[in-house]
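Undergrad: Coordinates in start-v8.pdb, PDB, C-alpha atoms, are listed below.
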```pdb
ATOM      1  CA  MET A   1      28.689  -3.773  -0.289
ATOM      2  CA  LYS A   2      29.758  -3.544   3.318
ATOM      3  CA  SER A   3      26.229  -2.956   4.539
ATOM      4  CA  TYR A   4      25.085  -6.166   2.824
ATOM      5  CA  ASP A   5      28.195  -8.107   3.868
ATOM      6  CA  ILE A   6      28.605  -9.537   0.382
ATOM      7  CA  ALA A   7      32.173  -8.664  -0.559
ATOM      8  CA  LEU A   8      35.761  -9.228   0.371
ATOM      9  CA  PHE A   9      37.788  -6.201   1.363
ATOM     10  CA  ILE A  10      41.465  -6.908   1.260
ATOM     11  CA  GLU A  11      44.716  -5.289   2.311
ATOM     12  CA  ASP A  12      47.044  -7.303   0.069
ATOM     13  CA  MET A  13      47.310 -10.584  -1.824
ATOM     14  CA  GLN A  14      48.068 -12.582   1.315
ATOM     15  CA  ASP A  15      44.941 -11.170   2.939
ATOM     16  CA  LEU A  16      42.926 -12.209  -0.112
ATOM     17  CA  CYS A  17      44.382 -15.698   0.037
ATOM     18  CA  ASP A  18      43.601 -16.010   3.750
ATOM     19  CA  GLN A  19      40.037 -14.799   3.297
ATOM     20  CA  LEU A  20      39.382 -17.137   0.381
ATOM     21  CA  LYS A  21      40.577 -20.088   2.438
ATOM     22  CA  ASP A  22      38.162 -19.265   5.270
ATOM     23  CA  LYS A  23      35.385 -21.659   4.264
ATOM     24  CA  SER A  24      32.936 -20.601   6.965
ATOM     25  CA  ARG A  25      33.308 -16.945   5.960
ATOM     26  CA  MET A  26      32.900 -17.826   2.277
ATOM     27  CA  LYS A  27      29.710 -19.705   3.151
ATOM     28  CA  VAL A  28      28.322 -16.654   4.971
ATOM     29  CA  LEU A  29      29.195 -14.390   2.054
ATOM     30  CA  SER A  30      27.556 -16.790  -0.411
ATOM     31  CA  GLU A  31      24.394 -16.942   1.657
ATOM     32  CA  ASN A  32      24.310 -13.156   1.959
ATOM     33  CA  VAL A  33      24.747 -12.716  -1.787
ATOM     34  CA  LEU A  34      21.907 -15.134  -2.481
ATOM     35  CA  SER A  35      19.622 -13.473   0.036
ATOM     36  CA  CYS A  36      19.977  -9.981  -1.423
ATOM     37  CA  ARG A  37      20.724 -10.690  -5.084
ATOM     38  CA  GLU A  38      17.389  -9.289  -6.249
ATOM     39  CA  LYS A  39      18.316  -5.824  -4.952
ATOM     40  CA  PHE A  40      21.076  -5.687  -7.557
ATOM     41  CA  THR A  41      18.812  -6.262 -10.551
ATOM     42  CA  PHE A  42      17.259  -3.746 -12.903
ATOM     43  CA  ASP A  43      13.785  -5.159 -12.244
ATOM     44  CA  TYR A  44      14.064  -4.408  -8.534
ATOM     45  CA  HIS A  45      14.485  -0.698  -9.247
ATOM     46  CA  LEU A  46      12.027  -0.500 -12.133
ATOM     47  CA  PRO A  47       8.914   0.583 -10.157
ATOM     48  CA  ALA A  48      10.771   3.553  -8.643
ATOM     49  CA  LEU A  49      12.239   4.435 -12.017
ATOM     50  CA  ILE A  50       8.826   4.347 -13.691
ATOM     51  CA  GLU A  51       7.375   6.534 -10.950
ATOM     52  CA  TYR A  52      10.211   9.015 -11.369
ATOM     53  CA  PHE A  53       9.574   9.307 -15.105
ATOM     54  CA  ARG A  54       5.834   9.698 -14.515
ATOM     55  CA  GLN A  55       6.536  12.602 -12.168
ATOM     56  CA  VAL A  56       8.882  14.237 -14.668
ATOM     57  CA  ILE A  57       6.308  13.884 -17.447
ATOM     58  CA  LYS A  58       3.589  15.310 -15.216
ATOM     59  CA  LEU A  59       5.758  18.304 -14.283
ATOM     60  CA  LYS A  60       6.598  18.978 -17.913
ATOM     61  CA  LYS A  61       2.910  18.851 -18.872
ATOM     62  CA  GLU A  62       2.072  21.311 -16.092
ATOM     63  CA  GLU A  63       4.690  23.747 -17.370
ATOM     64  CA  ARG A  64       2.911  24.116 -20.721
TER      65      ARG A  64
END
```
Now, as a test, write the supplied structure out as structure tokens.

TA:
Amino acid sequence: MKSYDIALFIEDMQDLCDQLKDKSRMKVLSENVLSCREKFTFDYHLPALIEYFRQVIKLKKEER
């Protein structure tokens, strides 16, 4: 989450309160979440997952 800058990291409840009140920071976080939201979906990872399973199937067929 830190690398995408899409989350709050807090020390205590007062820190959380202060961060939530920082409207400009909340706007940046919201924009960042919207810009990378697709990366956190199943569909985004599906092509790599399908390719992985194809490779596993191929290896299993070669073992026969």

Undergrad: Please write the residues picked by the PyMOL selection byres ((chain A and resi 1-16) around 8) on this file as a ChimeraX atom specification.

TA: /A:17-20,29-30,32-33,36

Undergrad: Suppose you want the space between CA of Lys39 (chain A) and CA of Arg54 (chain A); what is it in Å?

TA: 22.1 Å

Undergrad: So how many Å separate CA of Glu38 (chain A) and CA of Glu51 (chain A), to one decimal?

TA: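 Computing the Euclidean distance for CA of Glu38 (chain A) and CA of Glu51 (chain A) yields 19.3 Å.
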
Undergrad: Would you work out the distance separating CA of Ser24 (chain A) from CA of Thr41 (chain A), expressed in Å to one decimal?

TA: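 CA of Thr41 (chain A) lies at a distance of 26.7 Å from CA of Ser24 (chain A).
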
Undergrad: Box for region 10-17 of chain A: with edges along x, y and z, all listed atoms inside and 3 Å added on each side, what are the centre and edge lengths in Å to one decimal, as JSON?

TA:
```
{"center_x": 44.8, "center_y": -10.5, "center_z": 0.6, "size_x": 12.6, "size_y": 16.4, "size_z": 10.8}
```
